[in-house]
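K.L.:
Quick one: the structure is below, questions incoming.
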Amino acid sequence: MKVYSIYEADKSMDLAIKLTAVRASRYRMFGSPERIPEKEIAVADLRDGDRPDDFAQRFAVLDRHPMLEVLLVRCLP
């Protein structure tokens with residue numbers, strides 16, 4: 001598993017990562033009732049098949065790539 005900050009994902013050359021990062025816009029809009037601080041939003045790339053056992057305790061899934069195992073997540077405390 002590889003975790004990208006939202007800034008790293010926005011600049012990524014990997015289109016799947018970039019597409020998933022674009023989906024974060026609804027959580028990044030100022031004044032939105034769903035607003036989440038940008039430092040808590042990340043993109044998790046699980047295409048290597050390595051999902052940690054504590055994934056559900058560390059991350060809340062917000063959205064996902066339509067075809068690949070690339071997730072938009074909120075990092076939990």
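To be explicit about the labels: the chains of the structure tokens are called A, B, and onward in the order shown, and within each one the residues are counted from 1, while ligands get numbers from 1 in the order they are shown.
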I'd like the contact shell of Val3 (chain A) - 9 Å cut-off, only C-alpha atoms, skipping same-chain residues fewer than 4 positions apart - returned as a ChimeraX atom specification.

P.N.:
/A:42-46

K.L.:
Out of chain A, which residues get alpha helix (DSSP H) from DSSP, as a count of residues only?

P.N.:
22

K.L.:
Given the choices A:Lys11, A:Arg47, A:Arg23, A:Arg28, which gets closest to Val70 (chain A) if the distance is worked out from only C-alpha atoms?

P.N.:
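Answer, going by the shortest atom-to-atom distance: A:Arg47.
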
K.L.:
Between A:Arg64, A:Ile36, A:Glu69, A:Leu15, single out the one closest to Asp48 (chain A), counting only C-alpha atoms.

P.N.:
A:Glu69

K.L.:
A:Asp14, A:Ala24, A:Gly49, A:Met29: which is nearest Val61 (chain A), counting only C-alpha atoms?

P.N.:
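Answer, going by the shortest atom-to-atom distance: A:Ala24.
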
K.L.:
Chain A: which residues are strand (DSSP E) by DSSP, as a PyMOL selection string?

P.N.:
chain A and resi 2-5+41-45+59-64+70-75

K.L.:
Those selected residues, please, written with N, CA and C atoms and delivered as an mmCIF file, in the first residue's frame.

P.N.:
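Once everything was written out, this is selection_20.cif:
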data_model
loop_
_atom_site.group_PDB
_atom_site.id
_atom_site.type_symbol
_atom_site.label_atom_id
_atom_site.label_comp_id
_atom_site.auth_asym_id
_atom_site.auth_seq_id
_atom_site.Cartn_x
_atom_site.Cartn_y
_atom_site.Cartn_z
ATOM 1 N N LYS A 2 0.496 2.193 -0.797
ATOM 2 C CA LYS A 2 1.193 3.479 -0.847
ATOM 3 C C LYS A 2 0.163 4.556 -0.541
ATOM 4 N N VAL A 3 0.486 5.464 0.366
ATOM 5 C CA VAL A 3 -0.412 6.553 0.737
ATOM 6 C C VAL A 3 0.206 7.867 0.271
ATOM 7 N N TYR A 4 -0.583 8.639 -0.468
ATOM 8 C CA TYR A 4 -0.156 9.941 -0.984
ATOM 9 C C TYR A 4 -0.940 11.037 -0.278
ATOM 10 N N SER A 5 -0.269 12.108 0.095
ATOM 11 C CA SER A 5 -1.011 13.273 0.584
ATOM 12 C C SER A 5 -1.808 13.820 -0.602
ATOM 13 N N ILE A 41 -6.901 14.400 4.385
ATOM 14 C CA ILE A 41 -7.322 13.682 3.178
ATOM 15 C C ILE A 41 -6.095 13.104 2.488
ATOM 16 N N ALA A 42 -6.212 11.858 2.035
ATOM 17 C CA ALA A 42 -5.109 11.193 1.345
ATOM 18 C C ALA A 42 -5.660 10.252 0.279
ATOM 19 N N VAL A 43 -4.768 9.779 -0.571
ATOM 20 C CA VAL A 43 -5.107 8.774 -1.573
ATOM 21 C C VAL A 43 -4.300 7.523 -1.242
ATOM 22 N N ALA A 44 -5.000 6.410 -1.077
ATOM 23 C CA ALA A 44 -4.354 5.135 -0.766
ATOM 24 C C ALA A 44 -4.376 4.260 -2.011
ATOM 25 N N ASP A 45 -3.207 3.850 -2.464
ATOM 26 C CA ASP A 45 -3.062 2.988 -3.637
ATOM 27 C C ASP A 45 -2.880 1.555 -3.153
ATOM 28 N N PHE A 59 -7.985 4.562 8.529
ATOM 29 C CA PHE A 59 -8.570 5.338 7.442
ATOM 30 C C PHE A 59 -10.074 5.112 7.325
ATOM 31 N N ALA A 60 -10.784 6.173 6.921
ATOM 32 C CA ALA A 60 -12.199 6.075 6.557
ATOM 33 C C ALA A 60 -12.274 6.314 5.058
ATOM 34 N N VAL A 61 -12.876 5.412 4.312
ATOM 35 C CA VAL A 61 -12.954 5.530 2.861
ATOM 36 C C VAL A 61 -14.028 6.560 2.496
ATOM 37 N N LEU A 62 -13.634 7.576 1.717
ATOM 38 C CA LEU A 62 -14.546 8.619 1.278
ATOM 39 C C LEU A 62 -15.067 8.350 -0.126
ATOM 40 N N ASP A 63 -14.201 7.858 -0.990
ATOM 41 C CA ASP A 63 -14.546 7.606 -2.388
ATOM 42 C C ASP A 63 -13.526 6.633 -2.944
ATOM 43 N N ARG A 64 -13.791 6.120 -4.136
ATOM 44 C CA ARG A 64 -12.858 5.169 -4.733
ATOM 45 C C ARG A 64 -12.815 5.364 -6.246
ATOM 46 N N VAL A 70 -7.847 2.092 -5.860
ATOM 47 C CA VAL A 70 -7.261 3.354 -5.445
ATOM 48 C C VAL A 70 -8.367 4.101 -4.704
ATOM 49 N N LEU A 71 -8.105 4.453 -3.442
ATOM 50 C CA LEU A 71 -9.140 4.996 -2.576
ATOM 51 C C LEU A 71 -8.813 6.405 -2.109
ATOM 52 N N LEU A 72 -9.839 7.231 -2.011
ATOM 53 C CA LEU A 72 -9.738 8.523 -1.358
ATOM 54 C C LEU A 72 -10.114 8.278 0.091
ATOM 55 N N VAL A 73 -9.230 8.626 1.009
ATOM 56 C CA VAL A 73 -9.446 8.297 2.414
ATOM 57 C C VAL A 73 -9.263 9.514 3.313
ATOM 58 N N ARG A 74 -9.858 9.389 4.481
ATOM 59 C CA ARG A 74 -9.629 10.367 5.549
ATOM 60 C C ARG A 74 -8.786 9.666 6.597
ATOM 61 N N CYS A 75 -7.692 10.274 6.970
ATOM 62 C CA CYS A 75 -6.805 9.702 7.987
ATOM 63 C C CYS A 75 -7.421 9.931 9.357
#

K.L.:
Smallest atom-to-atom distance to Leu19 (chain A): which of A:Phe55, A:Leu76, A:Leu68, A:Asp50, using only C-alpha atoms?

P.N.:
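Smallest separation from Leu19 (chain A) among the options: A:Leu68.
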
K.L.:
Any idea what the distance is between CA of Ser12 (chain A) and CA of Glu34 (chain A)?

P.N.:
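Result for CA of Ser12 (chain A) versus CA of Glu34 (chain A): 24.8 Å, one decimal.
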
K.L.:
What is the distance between CA of Pro37 (chain A) and CA of Arg51 (chain A), in Å to one decimal?

P.N.:
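Separation between CA of Pro37 (chain A) and CA of Arg51 (chain A): 24.4 Å.
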